[in-house]
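S.K.: Structure file target.pdb, PDB, C-alpha atoms, is pasted below:
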```pdb
ATOM      1  CA  MET A1045     -89.424 -60.198-148.927
ATOM      2  CA  ARG A1046     -91.819 -62.289-146.944
ATOM      3  CA  ARG A1047     -89.681 -62.073-143.853
ATOM      4  CA  ARG A1048     -89.314 -58.273-144.165
ATOM      5  CA  ARG A1049     -93.082 -57.670-144.368
ATOM      6  CA  ARG A1050     -93.781 -59.833-141.323
ATOM      7  CA  HIS A1051     -91.170 -58.020-139.302
ATOM      8  CA  LYS A1052     -92.702 -54.654-140.221
ATOM      9  CA  ARG A1053     -96.228 -55.752-139.082
ATOM     10  CA  ASP A1054     -94.908 -56.968-135.721
ATOM     11  CA  GLN A1055     -93.335 -53.633-135.038
ATOM     12  CA  GLY A1056     -96.508 -51.636-135.854
ATOM     13  CA  SER A1057     -99.102 -53.752-133.960
ATOM     14  CA  VAL A1058    -100.630 -52.308-130.820
ATOM     15  CA  GLU A1059    -101.212 -54.607-127.909
ATOM     16  CA  MET A1060    -103.952 -53.459-125.562
ATOM     17  CA  ASN A1061    -103.454 -53.910-121.897
ATOM     18  CA  LEU A1062    -106.470 -56.006-121.043
ATOM     19  CA  ALA A1063    -105.696 -56.197-117.339
ATOM     20  CA  ALA A1064    -107.273 -52.796-116.589
ATOM     21  CA  MET A1065    -110.423 -53.672-118.503
ATOM     22  CA  LEU A1066    -110.592 -57.022-116.783
ATOM     23  CA  ASP A1067    -110.294 -55.303-113.390
ATOM     24  CA  MET A1068    -113.237 -53.066-114.236
ATOM     25  CA  ALA A1069    -115.260 -55.971-115.594
ATOM     26  CA  PHE A1070    -114.673 -57.950-112.411
ATOM     27  CA  GLN A1071    -115.777 -54.967-110.320
ATOM     28  CA  LEU A1072    -118.993 -54.724-112.351
ATOM     29  CA  LEU A1073    -119.522 -58.450-112.027
ATOM     30  CA  THR A1074    -119.022 -58.285-108.257
ATOM     31  CA  PHE A1075    -121.576 -55.467-108.035
ATOM     32  CA  PHE A1076    -124.191 -57.412-109.999
ATOM     33  CA  ILE A1077    -123.591 -60.614-108.037
ATOM     34  CA  LEU A1078    -123.911 -58.809-104.695
ATOM     35  CA  THR A1079    -127.062 -56.915-105.668
ATOM     36  CA  PHE A1080    -128.703 -59.883-107.364
ATOM     37  CA  ARG A1081    -131.984 -60.897-105.802
ATOM     38  CA  PRO A1082    -134.094 -63.372-107.721
ATOM     39  CA  ALA A1083    -137.711 -62.253-108.107
ATOM     40  CA  PRO A1084    -140.016 -64.277-105.838
ATOM     41  CA  ILE A1085    -142.497 -66.655-107.455
ATOM     42  CA  GLU A1086    -145.390 -64.419-106.665
ATOM     43  CA  GLY A1087    -148.793 -63.860-108.199
ATOM     44  CA  GLN A1088    -151.733 -61.582-107.562
ATOM     45  CA  LEU A1089    -155.465 -61.831-107.197
ATOM     46  CA  ALA A1090    -156.766 -58.823-109.106
ATOM     47  CA  LEU A1091    -159.964 -57.564-107.516
ATOM     48  CA  HIS A1092    -162.280 -54.630-107.897
ATOM     49  CA  LEU A1093    -162.926 -53.677-104.285
ATOM     50  CA  PRO A1094    -165.656 -51.094-103.975
ATOM     51  CA  PRO A1095    -166.386 -49.711-100.503
ATOM     52  CA  PRO A1096    -168.767 -51.899 -98.453
ATOM     53  CA  VAL A1097    -172.463 -51.552 -99.210
ATOM     54  CA  PRO A1098    -174.747 -50.419 -96.352
ATOM     55  CA  THR A1099    -176.683 -53.385 -95.013
ATOM     56  CA  THR A1100    -179.843 -51.501 -94.050
ATOM     57  CA  ARG A1101    -181.841 -48.717 -95.642
ATOM     58  CA  VAL A1102    -181.120 -46.497 -92.622
ATOM     59  CA  GLU A1103    -177.352 -46.868 -93.215
ATOM     60  CA  ALA A1104    -177.832 -46.296 -96.944
ATOM     61  CA  THR A1105    -179.665 -43.049 -96.232
ATOM     62  CA  MET A1106    -176.861 -41.959 -93.889
ATOM     63  CA  VAL A1107    -174.284 -42.652 -96.590
ATOM     64  CA  ASP A1108    -176.336 -40.672 -99.127
ATOM     65  CA  GLN A1109    -176.505 -37.750 -96.723
ATOM     66  CA  LYS A1110    -172.717 -37.809 -96.422
ATOM     67  CA  GLY A1111    -172.528 -37.173-100.145
ATOM     68  CA  GLU A1112    -171.513 -40.595-101.404
ATOM     69  CA  GLY A1113    -174.905 -41.330-102.978
ATOM     70  CA  GLY A1114    -173.276 -42.282-106.263
ATOM     71  CA  GLU A1115    -171.794 -45.441-104.810
ATOM     72  CA  SER A1116    -174.502 -46.564-102.420
ATOM     73  CA  GLN A1117    -176.795 -49.202-103.814
ATOM     74  CA  LEU A1118    -179.488 -51.585-102.786
ATOM     75  CA  ASP A1119    -178.507 -54.430-100.555
ATOM     76  CA  LEU A1120    -180.439 -56.853-102.774
ATOM     77  CA  GLU A1121    -177.471 -57.257-105.123
ATOM     78  CA  VAL A1122    -175.051 -58.337-102.425
ATOM     79  CA  LEU A1123    -174.454 -61.877-101.262
ATOM     80  CA  HIS A1124    -173.351 -61.896 -97.653
ATOM     81  CA  LEU A1125    -170.764 -64.184 -96.166
ATOM     82  CA  GLN A1126    -169.832 -64.075 -92.521
ATOM     83  CA  VAL A1127    -166.589 -65.522 -91.209
ATOM     84  CA  THR A1128    -165.802 -65.984 -87.549
ATOM     85  CA  ALA A1129    -162.314 -66.721 -86.264
ATOM     86  CA  GLY A1130    -161.062 -69.402 -83.925
ATOM     87  CA  ALA A1131    -158.579 -68.901 -81.109
ATOM     88  CA  VAL A1132    -155.526 -69.116 -83.377
ATOM     89  CA  GLY A1133    -156.865 -66.908 -86.150
ATOM     90  CA  ASP A1134    -158.192 -69.718 -88.336
ATOM     91  CA  VAL A1135    -161.754 -70.005 -89.649
ATOM     92  CA  LYS A1136    -164.152 -71.223 -86.993
ATOM     93  CA  GLN A1137    -167.383 -70.901 -88.910
ATOM     94  CA  LEU A1138    -168.526 -69.513 -92.234
ATOM     95  CA  THR A1139    -172.137 -68.468 -92.650
ATOM     96  CA  LEU A1140    -173.733 -67.936 -96.041
ATOM     97  CA  GLU A1141    -176.657 -65.490 -96.143
ATOM     98  CA  ASN A1142    -177.428 -66.201 -92.473
ATOM     99  CA  SER A1143    -178.441 -69.769 -93.235
ATOM    100  CA  ALA A1144    -175.967 -72.356 -94.523
ATOM    101  CA  THR A1145    -172.906 -72.790 -92.381
ATOM    102  CA  ILE A1146    -169.559 -74.438 -92.946
ATOM    103  CA  ASN A1147    -167.377 -75.240 -90.003
ATOM    104  CA  GLY A1148    -163.654 -74.619 -90.174
ATOM    105  CA  PRO A1149    -160.783 -75.001 -90.456
ATOM    106  CA  MET A1150    -160.579 -74.249 -94.150
ATOM    107  CA  ASP A1151    -158.941 -77.181 -95.877
ATOM    108  CA  SER A1152    -159.352 -78.300 -99.464
ATOM    109  CA  SER A1153    -162.592 -80.244 -98.803
ATOM    110  CA  THR A1154    -164.337 -77.359 -97.002
ATOM    111  CA  LEU A1155    -163.171 -74.915 -99.676
ATOM    112  CA  GLN A1156    -164.625 -77.180-102.375
ATOM    113  CA  LEU A1157    -167.880 -77.362-100.434
ATOM    114  CA  LEU A1158    -167.982 -73.571-100.183
ATOM    115  CA  GLU A1159    -167.279 -73.194-103.893
ATOM    116  CA  ARG A1160    -170.070 -75.638-104.777
ATOM    117  CA  LYS A1161    -172.563 -73.831-102.534
ATOM    118  CA  LEU A1162    -171.672 -70.387-103.866
ATOM    119  CA  GLN A1163    -171.590 -71.507-107.470
ATOM    120  CA  SER A1164    -175.004 -73.135-107.127
ATOM    121  CA  ILE A1165    -176.385 -69.744-106.024
ATOM    122  CA  PHE A1166    -174.698 -67.710-108.756
ATOM    123  CA  SER A1167    -175.462 -70.107-111.584
ATOM    124  CA  ILE A1168    -179.247 -69.599-111.227
ATOM    125  CA  GLN A1169    -180.562 -67.409-114.062
ATOM    126  CA  GLY A1170    -181.907 -64.038-112.963
ATOM    127  CA  ILE A1171    -180.252 -64.153-109.543
ATOM    128  CA  PRO A1172    -180.004 -60.584-108.188
ATOM    129  CA  PHE A1173    -176.461 -60.886-106.769
ATOM    130  CA  ASP A1174    -173.599 -59.150-108.531
ATOM    131  CA  ARG A1175    -171.102 -58.916-105.690
ATOM    132  CA  VAL A1176    -169.996 -60.708-102.545
ATOM    133  CA  GLN A1177    -169.616 -58.925 -99.248
ATOM    134  CA  ILE A1178    -167.604 -60.747 -96.622
ATOM    135  CA  ALA A1179    -168.080 -59.782 -92.998
ATOM    136  CA  VAL A1180    -164.876 -60.924 -91.339
ATOM    137  CA  ASP A1181    -163.912 -61.390 -87.727
ATOM    138  CA  ARG A1182    -161.224 -58.808 -87.021
ATOM    139  CA  GLU A1183    -158.903 -61.459 -85.546
ATOM    140  CA  LEU A1184    -158.981 -63.744 -88.590
ATOM    141  CA  HIS A1185    -155.600 -64.233 -90.208
ATOM    142  CA  TYR A1186    -155.196 -62.666 -93.635
ATOM    143  CA  GLY A1187    -153.927 -65.969 -95.058
ATOM    144  CA  GLU A1188    -157.176 -67.705 -94.070
ATOM    145  CA  LEU A1189    -159.281 -64.934 -95.574
ATOM    146  CA  MET A1190    -157.369 -65.165 -98.830
ATOM    147  CA  LYS A1191    -158.461 -68.786 -99.235
ATOM    148  CA  ILE A1192    -162.100 -67.629 -99.130
ATOM    149  CA  VAL A1193    -161.411 -64.656-101.414
ATOM    150  CA  ASP A1194    -159.765 -67.050-103.858
ATOM    151  CA  VAL A1195    -162.964 -69.126-104.009
ATOM    152  CA  CYS A1196    -165.124 -65.993-104.414
ATOM    153  CA  SER A1197    -162.933 -64.603-107.194
ATOM    154  CA  ARG A1198    -163.483 -67.782-109.234
ATOM    155  CA  LEU A1199    -167.287 -67.564-109.105
ATOM    156  CA  LYS A1200    -169.107 -67.092-112.372
ATOM    157  CA  SER A1201    -172.577 -65.777-112.999
ATOM    158  CA  ALA A1202    -175.165 -67.675-115.068
ATOM    159  CA  ASN A1203    -173.943 -65.944-118.238
ATOM    160  CA  GLY A1204    -170.367 -67.040-117.579
ATOM    161  CA  GLU A1205    -168.914 -63.722-116.378
ATOM    162  CA  LEU A1206    -166.638 -63.675-113.352
ATOM    163  CA  ILE A1207    -168.043 -62.083-110.197
ATOM    164  CA  GLY A1208    -165.162 -59.708-109.656
ATOM    165  CA  LYS A1209    -166.708 -57.445-107.027
ATOM    166  CA  ILE A1210    -165.821 -58.371-103.492
ATOM    167  CA  SER A1211    -165.901 -56.137-100.443
ATOM    168  CA  PHE A1212    -164.975 -56.622 -96.815
ATOM    169  CA  THR A1213    -166.465 -55.415 -93.578
ATOM    170  CA  GLU A1214    -165.432 -56.068 -89.999
ATOM    171  CA  LEU A1215    -167.727 -58.076 -87.811
TER     172      LEU A1215
ATOM    173  CA  MET B 200     -82.292 -58.964-119.021
ATOM    174  CA  SER B 201     -83.629 -59.076-122.550
ATOM    175  CA  GLU B 202     -83.446 -62.860-122.437
ATOM    176  CA  MET B 203     -85.622 -62.864-119.306
ATOM    177  CA  ASN B 204     -88.255 -60.697-121.032
ATOM    178  CA  SER B 205     -88.465 -62.952-124.003
ATOM    179  CA  ASP B 206     -89.067 -65.971-121.743
ATOM    180  CA  ARG B 207     -91.914 -64.321-119.808
ATOM    181  CA  ALA B 208     -95.271 -66.047-120.408
ATOM    182  CA  GLU B 209     -98.150 -63.647-120.974
ATOM    183  CA  PRO B 210    -101.572 -65.257-120.499
ATOM    184  CA  ASN B 211    -104.178 -64.538-123.132
ATOM    185  CA  LEU B 212    -106.795 -62.547-121.228
ATOM    186  CA  THR B 213    -109.259 -62.212-124.096
ATOM    187  CA  PRO B 214    -111.326 -65.388-123.387
ATOM    188  CA  LEU B 215    -111.472 -64.497-119.713
ATOM    189  CA  LEU B 216    -112.709 -61.009-120.560
ATOM    190  CA  ASP B 217    -115.281 -62.479-122.939
ATOM    191  CA  MET B 218    -116.637 -64.731-120.236
ATOM    192  CA  VAL B 219    -116.788 -61.920-117.674
ATOM    193  CA  PHE B 220    -118.675 -59.699-120.116
ATOM    194  CA  GLN B 221    -121.128 -62.499-120.775
ATOM    195  CA  LEU B 222    -121.731 -62.872-117.043
ATOM    196  CA  ILE B 223    -122.209 -59.102-116.694
ATOM    197  CA  THR B 224    -124.718 -59.149-119.547
ATOM    198  CA  PHE B 225    -126.612 -61.972-117.856
ATOM    199  CA  PHE B 226    -126.817 -60.160-114.529
ATOM    200  CA  MET B 227    -127.799 -56.899-116.227
ATOM    201  CA  LEU B 228    -130.675 -58.646-117.985
ATOM    202  CA  VAL B 229    -132.029 -60.395-114.909
ATOM    203  CA  ILE B 230    -131.604 -57.493-112.488
ATOM    204  CA  ASN B 231    -134.886 -56.791-110.734
ATOM    205  CA  PHE B 232    -135.322 -53.087-110.013
ATOM    206  CA  LYS B 233    -138.823 -53.660-108.636
ATOM    207  CA  GLY B 234    -137.369 -55.869-105.938
ATOM    208  CA  ALA B 235    -136.662 -52.774-103.858
ATOM    209  CA  SER B 236    -140.380 -52.212-103.350
ATOM    210  CA  LEU B 237    -140.915 -55.749-102.040
ATOM    211  CA  ASP B 238    -140.416 -56.773 -98.444
ATOM    212  CA  LEU B 239    -139.058 -60.271 -98.903
ATOM    213  CA  SER B 240    -139.284 -61.086 -95.202
ATOM    214  CA  LEU B 241    -143.089 -61.361 -95.441
ATOM    215  CA  LYS B 242    -144.738 -64.754 -95.548
ATOM    216  CA  LEU B 243    -147.409 -64.324 -98.167
ATOM    217  CA  PRO B 244    -150.508 -66.527 -98.354
ATOM    218  CA  VAL B 245    -150.266 -69.427-100.777
ATOM    219  CA  LEU B 246    -152.849 -69.542-103.567
ATOM    220  CA  GLY B 247    -152.541 -71.673-106.637
ATOM    221  CA  SER B 248    -154.800 -69.412-108.684
ATOM    222  CA  ALA B 249    -152.685 -66.243-108.187
ATOM    223  CA  ARG B 250    -151.480 -64.870-111.520
ATOM    224  CA  PRO B 251    -148.978 -62.171-112.478
ATOM    225  CA  LEU B 252    -150.603 -58.738-112.491
ATOM    226  CA  GLU B 253    -151.691 -57.561-115.933
ATOM    227  CA  ARG B 254    -150.748 -53.947-116.414
ATOM    228  CA  THR B 255    -152.951 -51.991-118.772
ATOM    229  CA  GLY B 256    -151.885 -48.365-118.252
ATOM    230  CA  LYS B 257    -148.564 -46.579-118.130
ATOM    231  CA  LEU B 258    -148.822 -45.891-114.425
ATOM    232  CA  GLU B 259    -146.971 -48.091-111.968
ATOM    233  CA  PRO B 260    -148.999 -49.818-109.242
ATOM    234  CA  ILE B 261    -148.501 -48.815-105.627
ATOM    235  CA  VAL B 262    -146.939 -51.614-103.582
ATOM    236  CA  LEU B 263    -147.769 -51.765 -99.877
ATOM    237  CA  ASN B 264    -146.172 -54.366 -97.604
ATOM    238  CA  ILE B 265    -148.041 -55.179 -94.388
ATOM    239  CA  ASP B 266    -146.218 -57.246 -91.793
ATOM    240  CA  SER B 267    -147.835 -59.416 -89.118
ATOM    241  CA  GLU B 268    -147.801 -56.487 -86.667
ATOM    242  CA  GLY B 269    -149.638 -54.211 -89.093
ATOM    243  CA  ARG B 270    -146.675 -52.006 -90.013
ATOM    244  CA  VAL B 271    -146.951 -50.784 -93.580
ATOM    245  CA  LYS B 272    -143.750 -50.518 -95.586
ATOM    246  CA  ALA B 273    -143.086 -49.024 -98.989
ATOM    247  CA  PHE B 274    -139.609 -49.255-100.501
ATOM    248  CA  GLY B 275    -138.202 -50.571 -97.240
ATOM    249  CA  GLU B 276    -139.449 -47.707 -95.079
ATOM    250  CA  THR B 277    -142.273 -47.787 -92.586
ATOM    251  CA  ILE B 278    -144.896 -45.289 -93.692
ATOM    252  CA  ASP B 279    -147.956 -43.602 -92.301
ATOM    253  CA  ILE B 280    -150.564 -45.103 -94.618
ATOM    254  CA  GLU B 281    -152.992 -42.189 -94.337
ATOM    255  CA  GLN B 282    -150.411 -39.571 -95.298
ATOM    256  CA  HIS B 283    -148.818 -41.762 -97.954
ATOM    257  CA  MET B 284    -152.065 -42.525 -99.781
ATOM    258  CA  GLU B 285    -153.287 -38.965 -99.475
ATOM    259  CA  ARG B 286    -150.088 -37.745-101.153
ATOM    260  CA  GLU B 287    -150.183 -40.453-103.842
ATOM    261  CA  ALA B 288    -153.839 -39.731-104.652
ATOM    262  CA  ARG B 289    -153.213 -35.960-104.779
ATOM    263  CA  LEU B 290    -150.266 -36.393-107.153
ATOM    264  CA  LEU B 291    -152.185 -38.827-109.332
ATOM    265  CA  LYS B 292    -155.206 -36.523-109.578
ATOM    266  CA  ALA B 293    -152.904 -33.644-110.529
ATOM    267  CA  HIS B 294    -151.266 -35.837-113.179
ATOM    268  CA  LEU B 295    -154.649 -36.893-114.551
ATOM    269  CA  SER B 296    -155.971 -33.343-114.707
ATOM    270  CA  LEU B 297    -152.802 -32.213-116.539
ATOM    271  CA  SER B 298    -153.166 -34.968-119.114
ATOM    272  CA  GLY B 299    -156.894 -34.243-119.461
ATOM    273  CA  GLU B 300    -157.943 -37.706-118.296
ATOM    274  CA  GLU B 301    -160.893 -38.423-116.075
ATOM    275  CA  ALA B 302    -160.922 -40.917-113.202
ATOM    276  CA  ARG B 303    -164.196 -42.741-113.705
ATOM    277  CA  GLY B 304    -165.002 -45.548-111.297
ATOM    278  CA  GLY B 305    -161.951 -44.911-109.141
ATOM    279  CA  LEU B 306    -158.340 -43.919-109.689
ATOM    280  CA  PRO B 307    -156.672 -45.794-112.559
ATOM    281  CA  VAL B 308    -153.810 -47.196-110.508
ATOM    282  CA  ALA B 309    -153.806 -50.598-108.845
ATOM    283  CA  VAL B 310    -152.750 -51.005-105.240
ATOM    284  CA  VAL B 311    -150.730 -54.156-104.649
ATOM    285  CA  ILE B 312    -151.320 -55.415-101.110
ATOM    286  CA  ARG B 313    -148.554 -57.706 -99.901
ATOM    287  CA  GLY B 314    -149.876 -58.841 -96.561
ATOM    288  CA  ASP B 315    -148.230 -61.307 -94.221
ATOM    289  CA  ARG B 316    -150.426 -64.384 -93.869
ATOM    290  CA  LEU B 317    -150.351 -64.002 -90.070
ATOM    291  CA  ALA B 318    -151.532 -60.382 -90.108
ATOM    292  CA  THR B 319    -155.000 -60.109 -88.623
ATOM    293  CA  PHE B 320    -157.838 -58.970 -90.855
ATOM    294  CA  HIS B 321    -158.462 -55.601 -89.198
ATOM    295  CA  LEU B 322    -154.856 -54.516 -89.900
ATOM    296  CA  VAL B 323    -155.148 -55.314 -93.612
ATOM    297  CA  ASN B 324    -158.688 -53.975 -93.819
ATOM    298  CA  HIS B 325    -157.549 -50.654 -92.370
ATOM    299  CA  VAL B 326    -155.048 -50.254 -95.225
ATOM    300  CA  ILE B 327    -157.664 -51.230 -97.849
ATOM    301  CA  THR B 328    -160.220 -48.838 -96.349
ATOM    302  CA  VAL B 329    -157.734 -45.937 -96.383
ATOM    303  CA  CYS B 330    -156.995 -46.648-100.062
ATOM    304  CA  GLN B 331    -160.710 -46.843-100.854
ATOM    305  CA  ASN B 332    -161.334 -43.555 -99.053
ATOM    306  CA  HIS B 333    -158.797 -41.898-101.355
ATOM    307  CA  GLY B 334    -160.481 -43.241-104.475
ATOM    308  CA  TYR B 335    -158.569 -46.444-105.229
ATOM    309  CA  ARG B 336    -160.752 -49.344-106.374
ATOM    310  CA  ASN B 337    -158.397 -51.721-108.160
ATOM    311  CA  PHE B 338    -156.456 -53.954-105.844
ATOM    312  CA  ALA B 339    -154.101 -56.846-106.360
ATOM    313  CA  LEU B 340    -153.674 -59.131-103.372
ATOM    314  CA  SER B 341    -150.278 -60.786-103.562
ATOM    315  CA  ALA B 342    -149.818 -64.447-102.854
ATOM    316  CA  MET B 343    -147.236 -67.110-103.477
ATOM    317  CA  THR B 344    -148.187 -69.531-106.204
ATOM    318  CA  ARG B 345    -146.615 -72.353-104.210
ATOM    319  CA  GLU B 346    -145.069 -72.839-100.794
ATOM    320  CA  GLU B 347    -141.433 -71.801-100.737
ATOM    321  CA  ALA B 348    -138.911 -74.012 -99.028
ATOM    322  CA  ARG B 349    -137.109 -71.869 -96.445
TER     323      ARG B 349
END
```
Show me the file's structure as structure tokens.
M.R.:
Amino acid sequence: MRRRRRHKRDQGSVEMNLAAMLDMAFQLLTFFILTFRPAPIEGQLALHLPPPVPTTRVEATMVDQKGEGGESQLDLEVLHLQVTAGAVGDVKQLTLENSATINGPMDSSTLQLLERKLQSIFSIQGIPFDRVQIAVDRELHYGELMKIVDVCSRLKSANGELIGKISFTEL
Amino acid sequence: MSEMNSDRAEPNLTPLLDMVFQLITFFMLVINFKGASLDLSLKLPVLGSARPLERTGKLEPIVLNIDSEGRVKAFGETIDIEQHMEREARLLKAHLSLSGEEARGGLPVAVVIRGDRLATFHLVNHVITVCQNHGYRNFALSAMTREEAR
């Protein structure tokens, strides 16, 4: 009885041909391996970049006449930085509000010095600055500028809010 | 003949198929569709404080790749930045007006600038200025979080 039942099951079982499915699976695998590109370890500096603010009242009036009066504002609220480039596109000199200067190149010590100077300005209560405008030498390398932008994006006002507004102009 | 058939060894393909399906599942999960918009030949600046972009809206950011010569690429193709941003801004404004939204304080889409670290400032600034002229205010400047060994 036992033997008869076993014999019957063997006859009725269906064996799938897995080779075709395996072929397809290998083709899919090959496709995914060939198109696989690991995502780069990349981050972003999120910035609110309004258009540059006119530096003189004459320029501000000209901007207003062009019909962009809504975005023009007084220069009093803008802290000016000026960056000049060296021969190889690195930072030669950085001037803060036409007075304090830091000589390049920008390494960790000069960046710390810049951060201390900027933070000392922004941490004073009632300071009128709410944005930083960087006048940049047109030949400065973007990588060098980003080091300065990184410092500026970390600045906090006296009430602890980040100074997120940065704009650029060409020297 | 029948004796030969009975002696034939048939390998059990089921474990092999299981493993292949597991590998396929892995690759399907880690596939990066956004990678097509990135120009991986660029050498981005290195900033330790760079963080992954926080997306607040439903709209995808615009990714612009700027090489050291100032060529702007989007999805692997060199583009005319003026025309490209004009078209993007026009489409976005049309989308916003259809959905009854208002663009206060600039268009609500971030522009991701992936600039080569050796690109000069005026090349990058030109791209930023064009975007600003078309109403974009939110920018994300891409950087590597650490130096990659190449």
S.K.: Selection in question (the file shown): the PyMOL selection byres ((chain A) within 10 of (chain B)). Which residues does it include, as a PyMOL selection string?
M.R.: chain A and resi 1061-1063+1065-1067+1069-1077+1079-1096+1115+1132-1134+1180-1191+1193-1195+1197-1198+1211-1215
S.K.: Using all atoms of stretch 218-222 of chain B that appear in the file, construct an axis-aligned enclosing box with 3 Å of padding on every side and provide its centre coordinates and edge lengths in Å, rounded to one decimal, as lines of an AutoDock Vina configuration file.
M.R.:
```
center_x = -119.2
center_y = -62.2
center_z = -118.9
size_x = 11.1
size_y = 11.0
size_z = 9.7
```
S.K.: Would you mind telling me which residue in A:Val1176, A:Cys1196, A:Ala1064, A:Leu1157 lies nearest to A:Val1122 when using only C-alpha atoms?
M.R.: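 Closest candidate: A:Val1176.
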S.K.: In Å, how far is it from atom CA of B:Arg303 to atom CA of B:Met284?
M.R.: 18.5 Å
S.K.: Just give me the gap between atom CA of B:Asp238 and atom CA of B:Asn264 in Å, one decimal is fine.
M.R.: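 Straight-line distance from atom CA of B:Asp238 to atom CA of B:Asn264 works out to 6.3 Å.
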S.K.: Determine the nearest neighbour of A:Glu1159 from the options A:Gly1204, A:Val1127, A:Leu1078, A:Ile1146, counting only C-alpha atoms.
M.R.: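 Closest to A:Glu1159 of all the choices is A:Ile1146.
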S.K.: Go through the shown structure with the PyMOL selection byres ((chain A and resi 1136) around 8) and write out the matching residues as a ChimeraX atom specification.
M.R.: /A:1127-1130,1134-1135,1137-1138,1147-1149
S.K.: Take the residues that were just selected and, keeping C-alpha atoms, output them as a compact mmCIF listing (two decimals), keeping the file's coordinate frame.
M.R.:
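Produced file selection_26.txt, reproduced below:
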```txt
# COMPACT_ATOMS: atom_id res chain seq x y z
CA VAL A 1127 -166.59 -65.52 -91.21
CA THR A 1128 -165.80 -65.98 -87.55
CA ALA A 1129 -162.31 -66.72 -86.26
CA GLY A 1130 -161.06 -69.40 -83.92
CA ASP A 1134 -158.19 -69.72 -88.34
CA VAL A 1135 -161.75 -70.00 -89.65
CA GLN A 1137 -167.38 -70.90 -88.91
CA LEU A 1138 -168.53 -69.51 -92.23
CA ASN A 1147 -167.38 -75.24 -90.00
CA GLY A 1148 -163.65 -74.62 -90.17
CA PRO A 1149 -160.78 -75.00 -90.46
```
S.K.: Tell me, as a PyMOL selection string, which residues lie within 12 Å of A:Ser1143, counting all atoms listed in the file; anything in the same chain fewer than 5 positions away does not count.
M.R.: chain A and resi 1123-1126+1137-1138+1161
S.K.: Quote the spacing between atom CA of B:Glu300 and atom CA of B:Glu287 in Å to one decimal place.
M.R.: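 Calculated distance between atom CA of B:Glu300 and atom CA of B:Glu287 is 16.6 Å.
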S.K.: Provide stretch 301-313 of chain B rebuilt to N, CA and C atoms, formatted as an mmCIF file, keeping the file's coordinate frame.
M.R.:
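Generated output (out_3.cif):
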```
data_model
loop_
_atom_site.group_PDB
_atom_site.id
_atom_site.type_symbol
_atom_site.label_atom_id
_atom_site.label_comp_id
_atom_site.auth_asym_id
_atom_site.auth_seq_id
_atom_site.Cartn_x
_atom_site.Cartn_y
_atom_site.Cartn_z
ATOM 1 N N GLU B 301 -159.887 -38.460 -117.129
ATOM 2 C CA GLU B 301 -160.893 -38.423 -116.075
ATOM 3 C C GLU B 301 -160.872 -39.756 -115.322
ATOM 4 N N ALA B 302 -160.947 -39.683 -114.001
ATOM 5 C CA ALA B 302 -160.922 -40.917 -113.202
ATOM 6 C C ALA B 302 -162.339 -41.390 -112.961
ATOM 7 N N ARG B 303 -162.837 -42.204 -113.872
ATOM 8 C CA ARG B 303 -164.196 -42.741 -113.705
ATOM 9 C C ARG B 303 -164.112 -44.086 -113.001
ATOM 10 N N GLY B 304 -164.975 -44.267 -112.021
ATOM 11 C CA GLY B 304 -165.002 -45.548 -111.297
ATOM 12 C C GLY B 304 -163.725 -45.802 -110.524
ATOM 13 N N GLY B 305 -163.154 -44.761 -109.965
ATOM 14 C CA GLY B 305 -161.951 -44.911 -109.141
ATOM 15 C C GLY B 305 -160.686 -44.533 -109.874
ATOM 16 N N LEU B 306 -159.625 -44.334 -109.105
ATOM 17 C CA LEU B 306 -158.340 -43.919 -109.689
ATOM 18 C C LEU B 306 -157.744 -45.070 -110.516
ATOM 19 N N PRO B 307 -157.124 -44.725 -111.640
ATOM 20 C CA PRO B 307 -156.672 -45.794 -112.559
ATOM 21 C C PRO B 307 -155.314 -46.406 -112.214
ATOM 22 N N VAL B 308 -155.061 -46.565 -110.944
ATOM 23 C CA VAL B 308 -153.810 -47.196 -110.508
ATOM 24 C C VAL B 308 -154.163 -48.316 -109.533
ATOM 25 N N ALA B 309 -153.539 -49.457 -109.741
ATOM 26 C CA ALA B 309 -153.806 -50.598 -108.845
ATOM 27 C C ALA B 309 -152.950 -50.477 -107.583
ATOM 28 N N VAL B 310 -153.507 -50.942 -106.498
ATOM 29 C CA VAL B 310 -152.750 -51.005 -105.240
ATOM 30 C C VAL B 310 -152.429 -52.472 -104.985
ATOM 31 N N VAL B 311 -151.149 -52.775 -104.917
ATOM 32 C CA VAL B 311 -150.730 -54.156 -104.649
ATOM 33 C C VAL B 311 -150.559 -54.316 -103.135
ATOM 34 N N ILE B 312 -151.386 -55.167 -102.557
ATOM 35 C CA ILE B 312 -151.320 -55.415 -101.110
ATOM 36 C C ILE B 312 -150.510 -56.690 -100.892
ATOM 37 N N ARG B 313 -149.365 -56.542 -100.245
ATOM 38 C CA ARG B 313 -148.554 -57.706 -99.901
ATOM 39 C C ARG B 313 -148.657 -57.890 -98.390
#
```
